>>> print(open('run_22.cif').read())   # mmCIF, C-alpha atoms and all ligand atoms
data_entry
loop_
_atom_site.label_atom_id
_atom_site.label_comp_id
_atom_site.auth_asym_id
_atom_site.auth_seq_id
_atom_site.Cartn_x
_atom_site.Cartn_y
_atom_site.Cartn_z
CA MET A 15 20.55 0.56 -3.05
CA ALA A 16 21.80 -3.01 -3.47
CA LYS A 17 21.02 -5.10 -6.51
CA ILE A 18 18.97 -8.13 -5.51
CA ILE A 19 20.51 -11.51 -6.40
CA ASP A 20 17.62 -13.60 -7.69
CA GLY A 21 18.32 -17.14 -6.44
CA LYS A 22 15.22 -18.50 -8.17
CA ALA A 23 16.38 -17.22 -11.57
CA VAL A 24 19.97 -18.47 -11.15
CA SER A 25 18.70 -21.83 -9.93
CA ALA A 26 16.32 -22.09 -12.92
CA GLN A 27 19.28 -21.56 -15.27
CA VAL A 28 21.34 -24.23 -13.51
CA LYS A 29 18.42 -26.70 -13.60
CA GLU A 30 17.79 -25.95 -17.28
CA SER A 31 21.36 -26.84 -18.18
CA ILE A 32 21.15 -30.03 -16.03
CA ALA A 33 17.91 -30.98 -17.80
CA GLN A 34 19.57 -30.61 -21.20
CA GLU A 35 22.56 -32.75 -20.21
CA THR A 36 20.25 -35.34 -18.62
CA ALA A 37 18.25 -35.62 -21.87
CA GLN A 38 21.47 -36.04 -23.87
CA ILE A 39 22.69 -38.80 -21.54
CA LYS A 40 19.37 -40.59 -21.84
CA GLU A 41 19.50 -40.41 -25.63
CA LYS A 42 23.14 -41.43 -25.99
CA TYR A 43 23.44 -44.05 -23.22
CA GLY A 44 19.81 -45.04 -22.60
CA VAL A 45 20.29 -44.22 -18.92
CA THR A 46 17.81 -42.50 -16.60
CA ILE A 47 19.57 -40.77 -13.73
CA GLY A 48 18.15 -41.71 -10.31
CA LEU A 49 18.17 -40.07 -6.88
CA ALA A 50 17.05 -41.98 -3.79
CA VAL A 51 15.65 -39.83 -1.00
CA VAL A 52 15.31 -41.42 2.43
CA ILE A 53 13.17 -39.79 5.09
CA VAL A 54 12.61 -41.24 8.57
CA GLY A 55 9.74 -40.06 10.77
CA ASN A 56 7.28 -37.21 10.44
CA ASN A 57 9.24 -33.98 10.76
CA PRO A 58 7.04 -31.49 8.80
CA ALA A 59 9.99 -29.32 7.65
CA SER A 60 11.82 -32.44 6.38
CA ARG A 61 8.67 -33.48 4.52
CA ILE A 62 8.59 -30.12 2.70
CA TYR A 63 12.30 -30.37 1.79
CA VAL A 64 11.84 -33.93 0.48
CA ASN A 65 8.84 -32.90 -1.63
CA ASN A 66 10.83 -29.99 -3.09
CA LYS A 67 13.69 -32.33 -3.95
CA LYS A 68 11.30 -34.74 -5.68
CA LYS A 69 9.82 -31.87 -7.71
CA ALA A 70 13.32 -30.75 -8.72
CA CYS A 71 14.11 -34.32 -9.87
CA GLU A 72 11.04 -34.32 -12.08
CA ALA A 73 11.95 -30.91 -13.49
CA VAL A 74 15.42 -32.04 -14.65
CA GLY A 75 14.33 -35.50 -15.85
CA PHE A 76 15.70 -37.65 -13.01
CA GLU A 77 13.83 -40.56 -11.52
CA SER A 78 13.34 -40.12 -7.77
CA PHE A 79 12.94 -43.07 -5.42
CA GLU A 80 11.40 -42.11 -2.12
CA TYR A 81 11.81 -44.26 0.97
CA ALA A 82 9.56 -42.86 3.73
CA LEU A 83 10.33 -44.92 6.82
CA PRO A 84 8.41 -44.86 10.10
CA GLU A 85 9.75 -43.01 13.16
CA GLU A 86 10.54 -46.31 14.92
CA THR A 87 12.88 -47.56 12.17
CA THR A 88 15.97 -49.14 13.73
CA GLN A 89 19.55 -48.28 12.88
CA GLU A 90 20.01 -51.77 11.44
CA GLU A 91 16.97 -51.42 9.16
CA LEU A 92 18.18 -48.05 7.91
CA LEU A 93 21.70 -49.34 7.26
CA THR A 94 20.26 -52.34 5.39
CA LEU A 95 18.37 -49.95 3.11
CA ILE A 96 21.49 -47.80 2.55
CA ASP A 97 23.44 -50.94 1.65
CA LYS A 98 20.75 -51.93 -0.85
CA LEU A 99 20.81 -48.44 -2.42
CA ASN A 100 24.63 -48.44 -2.54
CA ASN A 101 24.36 -51.55 -4.72
CA ASP A 102 21.40 -50.47 -6.85
CA ASP A 103 22.48 -49.55 -10.40
CA LYS A 104 19.43 -47.35 -10.92
CA VAL A 105 20.44 -45.14 -8.01
CA ASN A 106 23.15 -42.57 -8.75
CA GLY A 107 22.70 -40.46 -5.64
CA ILE A 108 21.54 -41.18 -2.08
CA LEU A 109 20.20 -38.48 0.17
CA VAL A 110 19.22 -39.15 3.77
CA GLN A 111 17.13 -36.23 4.98
CA LEU A 112 18.50 -34.82 8.25
CA PRO A 113 17.83 -34.51 11.12
CA LEU A 114 17.15 -38.16 11.86
CA PRO A 115 15.11 -39.20 14.92
CA LYS A 116 17.25 -39.10 18.10
CA HIS A 117 17.70 -42.90 18.42
CA LEU A 118 19.51 -43.06 15.06
CA ASP A 119 23.20 -42.15 14.75
CA GLU A 120 23.57 -39.69 11.85
CA LYS A 121 27.33 -40.09 11.72
CA ILE A 122 27.16 -43.87 11.28
CA VAL A 123 24.39 -43.53 8.68
CA ILE A 124 26.36 -40.97 6.62
CA ASN A 125 29.55 -43.04 6.87
CA ASN A 126 27.68 -45.99 5.36
CA ILE A 127 26.61 -44.13 2.20
CA SER A 128 28.97 -44.94 -0.66
CA PRO A 129 31.15 -41.81 -1.19
CA ASP A 130 30.40 -42.17 -4.94
CA LYS A 131 26.68 -41.69 -4.25
CA ASP A 132 27.01 -39.17 -1.42
CA VAL A 133 25.43 -36.25 -3.29
CA ASP A 134 25.13 -34.14 -0.11
CA ALA A 135 28.95 -34.38 0.22
CA PHE A 136 28.69 -35.19 3.94
CA HIS A 137 30.78 -38.42 3.91
CA PRO A 138 34.24 -37.89 5.49
CA VAL A 139 35.89 -38.92 2.20
CA ASN A 140 34.09 -36.11 0.36
CA VAL A 141 34.64 -33.65 3.22
CA GLY A 142 38.37 -34.43 3.02
CA LYS A 143 38.34 -33.88 -0.73
CA ILE A 144 36.78 -30.44 -0.20
CA MET A 145 39.72 -29.57 2.06
CA ILE A 146 42.32 -30.43 -0.59
CA GLY A 147 40.31 -28.93 -3.45
CA ASP A 148 40.00 -32.20 -5.35
CA TYR A 149 36.27 -32.59 -5.19
CA SER A 150 33.82 -34.88 -6.87
CA PHE A 151 30.84 -33.35 -5.08
CA LEU A 152 30.62 -29.83 -3.80
CA PRO A 153 28.61 -29.34 -0.60
CA CYS A 154 25.23 -28.12 -1.87
CA THR A 155 24.61 -24.89 0.05
CA PRO A 156 28.16 -23.47 -0.19
CA ALA A 157 28.29 -24.47 -3.88
CA GLY A 158 25.02 -22.61 -4.42
CA VAL A 159 26.48 -19.54 -2.72
CA MET A 160 29.48 -19.68 -5.08
CA GLU A 161 27.12 -19.69 -8.08
CA LEU A 162 25.27 -16.68 -6.66
CA ILE A 163 28.52 -14.76 -6.16
CA ALA A 164 29.56 -15.68 -9.72
CA SER A 165 26.22 -14.38 -11.03
CA THR A 166 27.18 -10.89 -9.81
CA GLY A 167 30.40 -10.97 -11.86
CA THR A 168 32.42 -10.38 -8.65
CA GLU A 169 36.00 -11.63 -8.70
CA ILE A 170 36.79 -13.45 -5.41
CA SER A 171 40.58 -13.53 -5.75
CA GLY A 172 42.23 -11.15 -3.29
CA LYS A 173 38.95 -10.05 -1.72
CA GLU A 174 38.22 -9.94 2.00
CA CYS A 175 35.67 -12.71 2.56
CA VAL A 176 33.98 -13.05 5.94
CA VAL A 177 31.92 -16.14 6.73
CA VAL A 178 29.78 -15.96 9.88
CA GLY A 179 29.16 -19.51 11.11
CA ARG A 180 31.45 -22.55 11.25
CA SER A 181 29.11 -25.52 10.92
CA ASN A 182 30.27 -28.62 9.08
CA ILE A 183 27.53 -28.31 6.46
CA VAL A 184 27.74 -24.58 5.68
CA GLY A 185 30.34 -22.35 7.37
CA LYS A 186 33.45 -24.55 7.15
CA PRO A 187 33.04 -25.82 3.56
CA MET A 188 31.95 -22.30 2.51
CA SER A 189 35.22 -20.91 3.82
CA MET A 190 37.17 -23.58 1.94
CA LEU A 191 35.47 -22.84 -1.39
CA LEU A 192 36.21 -19.11 -1.01
CA LEU A 193 39.81 -19.93 -0.05
CA HIS A 194 40.21 -22.15 -3.13
CA LYS A 195 39.18 -19.10 -5.18
CA SER A 196 41.96 -17.13 -3.46
CA GLY A 197 39.77 -15.00 -1.19
CA THR A 198 41.29 -13.86 2.11
CA VAL A 199 38.92 -15.66 4.43
CA THR A 200 37.91 -14.88 8.01
CA ILE A 201 35.60 -17.30 9.83
CA CYS A 202 33.46 -15.84 12.63
CA HIS A 203 31.43 -17.73 15.25
CA SER A 204 29.74 -17.30 18.60
CA ARG A 205 33.03 -16.55 20.40
CA THR A 206 34.21 -13.94 17.88
CA LYS A 207 35.01 -10.63 19.55
CA ASP A 208 33.45 -7.62 17.82
CA LEU A 209 31.54 -9.34 15.05
CA ALA A 210 30.50 -5.96 13.63
CA GLU A 211 34.11 -4.92 13.09
CA GLN A 212 34.92 -8.23 11.34
CA CYS A 213 31.87 -7.97 9.09
CA ARG A 214 32.64 -4.37 8.13
CA ARG A 215 35.94 -5.53 6.53
CA ALA A 216 34.13 -7.87 4.16
CA ASP A 217 33.96 -7.34 0.41
CA ILE A 218 32.05 -10.62 0.38
CA LEU A 219 29.99 -11.44 3.49
CA VAL A 220 28.29 -14.82 3.95
CA ALA A 221 25.98 -15.20 6.94
CA ALA A 222 25.18 -18.77 8.02
CA VAL A 223 24.21 -18.41 11.65
CA GLY A 224 20.55 -19.12 12.34
CA VAL A 225 19.93 -15.90 14.31
CA PRO A 226 17.24 -13.66 12.76
CA ASN A 227 18.49 -10.22 11.63
CA LEU A 228 21.84 -10.56 13.43
CA ILE A 229 23.74 -8.59 10.77
CA LYS A 230 22.55 -4.99 10.42
CA GLY A 231 23.27 -2.42 7.75
CA ASP A 232 25.87 -0.63 9.90
CA MET A 233 27.93 -3.86 10.02
CA ILE A 234 28.28 -3.96 6.24
CA LYS A 235 30.89 -2.33 4.01
CA GLU A 236 29.56 -0.02 1.30
CA GLY A 237 29.14 -2.02 -1.93
CA ALA A 238 29.77 -5.48 -0.39
CA VAL A 239 28.27 -8.68 -1.77
CA VAL A 240 26.04 -10.00 1.01
CA ILE A 241 24.83 -13.60 0.92
CA ASP A 242 22.29 -14.60 3.55
CA VAL A 243 22.14 -18.37 4.09
CA GLY A 244 20.00 -18.05 7.24
CA MET A 245 16.48 -19.46 7.18
CA ASN A 246 14.73 -18.58 10.39
CA ARG A 247 11.04 -19.06 11.09
CA LEU A 248 9.63 -16.14 13.11
CA ASP A 249 6.74 -16.41 15.59
CA ASN A 250 4.42 -14.85 13.00
CA GLY A 251 5.25 -17.76 10.65
CA LYS A 252 7.35 -15.65 8.26
CA LEU A 253 10.81 -16.72 7.08
CA CYS A 254 13.69 -14.35 7.66
CA GLY A 255 17.43 -14.44 7.20
CA ASP A 256 20.42 -13.67 9.41
CA VAL A 257 20.80 -10.29 7.73
CA GLU A 258 18.44 -7.40 8.44
CA PHE A 259 17.42 -6.88 4.84
CA GLU A 260 15.89 -3.38 5.14
CA THR A 261 19.05 -1.77 6.56
CA ALA A 262 21.52 -3.98 4.66
CA GLU A 263 20.14 -3.30 1.18
CA LYS A 264 20.84 0.42 1.65
CA VAL A 265 24.59 -0.28 2.03
CA ALA A 266 25.40 -3.50 0.14
CA GLY A 267 26.24 -3.68 -3.55
CA TYR A 268 24.45 -7.02 -3.98
CA ILE A 269 22.24 -8.91 -1.56
CA THR A 270 20.23 -12.15 -1.51
CA PRO A 271 16.65 -12.10 -0.25
CA VAL A 272 15.17 -14.69 2.15
CA PRO A 273 13.30 -16.56 0.84
CA GLY A 274 14.31 -16.69 -2.83
CA GLY A 275 18.10 -16.42 -2.43
CA VAL A 276 20.27 -19.32 -1.29
CA GLY A 277 17.42 -21.81 -0.67
CA PRO A 278 16.59 -22.58 -4.32
CA MET A 279 20.31 -22.93 -5.12
CA THR A 280 20.86 -25.69 -2.57
CA ILE A 281 18.44 -27.98 -4.39
CA ALA A 282 19.87 -27.07 -7.81
CA MET A 283 23.33 -28.07 -6.55
CA LEU A 284 21.95 -31.38 -5.27
CA MET A 285 20.73 -32.08 -8.82
CA LYS A 286 24.14 -31.08 -10.19
CA ASN A 287 25.90 -33.50 -7.83
CA THR A 288 23.55 -36.31 -8.88
CA LEU A 289 24.32 -35.58 -12.53
CA THR A 290 28.05 -35.63 -11.70
CA ALA A 291 27.66 -39.01 -9.98
CA ALA A 292 25.94 -40.43 -13.07
CA LYS A 293 28.55 -39.00 -15.45
CA THR A 294 31.41 -40.38 -13.33
CA LYS A 295 29.80 -43.82 -13.40
CA LEU A 296 29.45 -43.62 -17.18
CA GLY A 297 33.05 -42.45 -17.48
CA ILE A 298 32.13 -39.10 -19.06
P1 LIG B 1 24.50 -24.27 12.99
O1 LIG B 1 23.61 -23.97 14.14
O2 LIG B 1 25.06 -25.63 12.82
O3 LIG B 1 25.75 -23.24 13.06
C1 LIG B 1 25.55 -21.89 13.36
C2 LIG B 1 26.88 -21.18 13.46
O4 LIG B 1 26.64 -19.82 13.79
C3 LIG B 1 27.80 -21.75 14.53
O5 LIG B 1 29.12 -21.86 14.03
C4 LIG B 1 27.72 -20.71 15.64
O6 LIG B 1 28.93 -20.54 16.36
C5 LIG B 1 27.46 -19.44 14.86
N1 LIG B 1 26.79 -18.45 15.69
C6 LIG B 1 25.68 -18.62 16.45
N2 LIG B 1 25.34 -17.45 17.04
C7 LIG B 1 26.27 -16.54 16.65
C8 LIG B 1 26.46 -15.16 16.93
N3 LIG B 1 25.64 -14.50 17.75
N4 LIG B 1 27.51 -14.55 16.36
C9 LIG B 1 28.33 -15.21 15.54
N5 LIG B 1 28.20 -16.51 15.22
C10 LIG B 1 27.18 -17.16 15.79
O7 LIG B 1 23.70 -23.80 11.71
P2 LIG B 1 23.85 -24.19 10.14
O8 LIG B 1 25.20 -23.81 9.65
O9 LIG B 1 23.36 -25.56 9.90
O10 LIG B 1 22.77 -23.20 9.52
C11 LIG B 1 22.90 -21.78 9.63
C12 LIG B 1 21.66 -21.13 9.06
O11 LIG B 1 21.57 -21.46 7.68
C13 LIG B 1 20.34 -21.61 9.67
O12 LIG B 1 19.43 -20.52 9.69
C14 LIG B 1 19.84 -22.67 8.70
O13 LIG B 1 18.45 -22.80 8.71
C15 LIG B 1 20.31 -22.08 7.39
N6 LIG B 1 20.52 -23.05 6.32
C16 LIG B 1 20.00 -22.73 5.10
C17 LIG B 1 20.18 -23.57 4.04
C18 LIG B 1 19.63 -23.16 2.72
O14 LIG B 1 19.54 -23.99 1.84
N7 LIG B 1 19.28 -21.89 2.52
C19 LIG B 1 20.90 -24.86 4.17
C20 LIG B 1 21.48 -25.06 5.48
C21 LIG B 1 21.28 -24.18 6.51
P3 LIG B 1 29.57 -21.71 17.31
O15 LIG B 1 30.16 -22.71 16.35
O16 LIG B 1 30.58 -20.97 18.10
O17 LIG B 1 28.43 -22.25 18.11
#
>>> encode(input="run_22.cif", output="structure tokens")
Amino acid sequence: MAKIIDGKAVSAQVKESIAQETAQIKEKYGVTIGLAVVIVGNNPASRIYVNNKKKACEAVGFESFEYALPEETTQEELLTLIDKLNNDDKVNGILVQLPLPKHLDEKIVINNISPDKDVDAFHPVNVGKIMIGDYSFLPCTPAGVMELIASTGTEISGKECVVVGRSNIVGKPMSMLLLHKSGTVTICHSRTKDLAEQCRRADILVAAVGVPNLIKGDMIKEGAVVIDVGMNRLDNGKLCGDVEFETAEKVAGYITPVPGGVGPMTIAMLMKNTLTAAKTKLGI
């Protein structure tokens, strides 16, 4: 039976250490670290994410500035706000909650966030840095996955790592982080032939697909570390991952649950990036 990787516990440890450093910075430099969160429209899932991010800010001692804009906000109005936040000394990190309403161009909005305050690491400058391994900010979800793998004591170097999913926010940067740790990385996607065979080679398997229970126990190598990034809402209202937990936990060595695995880590990493932004600005 697999050991369960407790994302809530690992995330609590990360946030505790951020809180300590934040308190020290406040004492030594008299600076309160600030995160601006911009939400446009009334998407209920986005609202929940934004509230969770605000709570996390409070927990680590950051000030959060929320800008809740109406659905009909124009691109120009949003860019004017971003420009103001780019130039606001109290704001160390800027997060624009995605998805944006259809009439707004996410790419243009992200490109207008100062790379120094881009704590989601979505700006092309930061994406490029991830590629060459010279990063200021790590992309939050993949960075959280790396912390979870580390918490198992598993060495990545030389291991077969299979990432299912190639999105810009999870799959691709995830693969890069594993590669930088010298894993032998295979990236699978919707055109991959024989996904089961690819997955069965994995010592470390990361599923970031968005298809409930796609990966079954018989697709997993005995003793593998299985990280389930998927967050899928079923018709009965329950959350489930991309991995079929009941069959997978009988084979895997370590496995993350959904919820309570990767989700809490993503927010902890957002806090870590905001702390990094503040430290860089202070020259520490
Ligand atoms: P995307 O939809 O952007 O990407 C999904 C990827 O999965 C694509 O590369 C797609 O391939 C691939 N894929 C789809 N179907 C299959 C299949 N049958 N076999 C193999 N590959 C397949 O999703 P995201 O990366 O944004 O998110 C993935 C999941 O992670 C979602 O459930 C999302 O909710 C969750 N998530 C969780 C987070 C957290 O904090 N826990 C944060 C972000 C996301 P192709 O490119 O060929 O279309």
>>> residues_around(input="run_22.cif", residues="region 39-43 of chain A", least_positions_apart="5", cutoff="12 Å", atoms="all atoms listed in the file", output="VMD selection string")
chain A and resid 32 to 34 48 74 to 77 289 to 290 292 to 293 295 to 298
>>> axis_aligned_box(input="run_22.cif", around="ligand LIG 1 (chain B)", padding_each_side="4 Å", output="lines of an AutoDock Vina configuration file")
center_x = 24.5
center_y = -20.1
center_z = 10.0
size_x = 20.1
size_y = 19.1
size_z = 24.3
>>> closest_residue(input="run_22.cif", among="A:Pro278, A:Gly167, A:His203, A:Pro273", to="Val239 (chain A)", atoms="all atoms listed in the file")
A:Gly167
>>> closest_residue(input="run_22.cif", among="A:Val159, A:Leu49, A:Ile281, A:Ala266", to="Ala222 (chain A)", atoms="all atoms listed in the file")
A:Val159
>>> atom_distance(input="run_22.cif", atom1="CA of Lys69 (chain A)", atom2="CA of Ala26 (chain A)")
12.8 Å
>>> closest_residue(input="run_22.cif", among="A:Ala16, A:Ala282, A:Ile47, A:Asn106", to="Glu161 (chain A)", atoms="only C-alpha atoms")
A:Ala282
>>> closest_residue(input="run_22.cif", among="A:Thr270, A:Gln89, A:Asn227, A:Thr294", to="Ile163 (chain A)", atoms="all atoms listed in the file")
A:Thr270
>>> residues_near_ligand(input="run_22.cif", ligand="ligand LIG 1 (chain B)", cutoff="10 Å", atoms="all atoms listed in the file", output="JSON, numbers by chain")
{"A": [63, 154, 155, 156, 158, 159, 177, 178, 179, 180, 181, 182, 183, 184, 185, 186, 188, 201, 202, 203, 204, 205, 206, 207, 208, 209, 210, 221, 222, 223, 224, 225, 226, 228, 229, 242, 243, 244, 245, 246, 247, 253, 254, 255, 256, 272, 273, 274, 275, 276, 277, 278, 279, 280, 281]}
>>> atom_distance(input="run_22.cif", atom1="CA of Leu284 (chain A)", atom2="CA of Val133 (chain A)")
6.3 Å
>>> atom_distance(input="run_22.cif", atom1="CA of Glu260 (chain A)", atom2="CA of Ser165 (chain A)")
22.1 Å
>>> residues_around(input="run_22.cif", residues="Pro115 (chain A)", least_positions_apart="6", cutoff="8 Å", atoms="all atoms listed in the file", output="ChimeraX atom specification")
/A:54-55,85
>>> write_last_selection(input="run_22.cif", atoms="C-alpha atoms", output="compact mmCIF listing (two decimals), in the coordinates of the input")
# COMPACT_ATOMS: atom_id res chain seq x y z
CA VAL A 54 12.61 -41.24 8.57
CA GLY A 55 9.74 -40.06 10.77
CA GLU A 85 9.75 -43.01 13.16
>>> closest_residue(input="run_22.cif", among="A:Ile18, A:Thr88, A:Lys68, A:Glu80", to="Val240 (chain A)", atoms="all atoms listed in the file")
A:Ile18
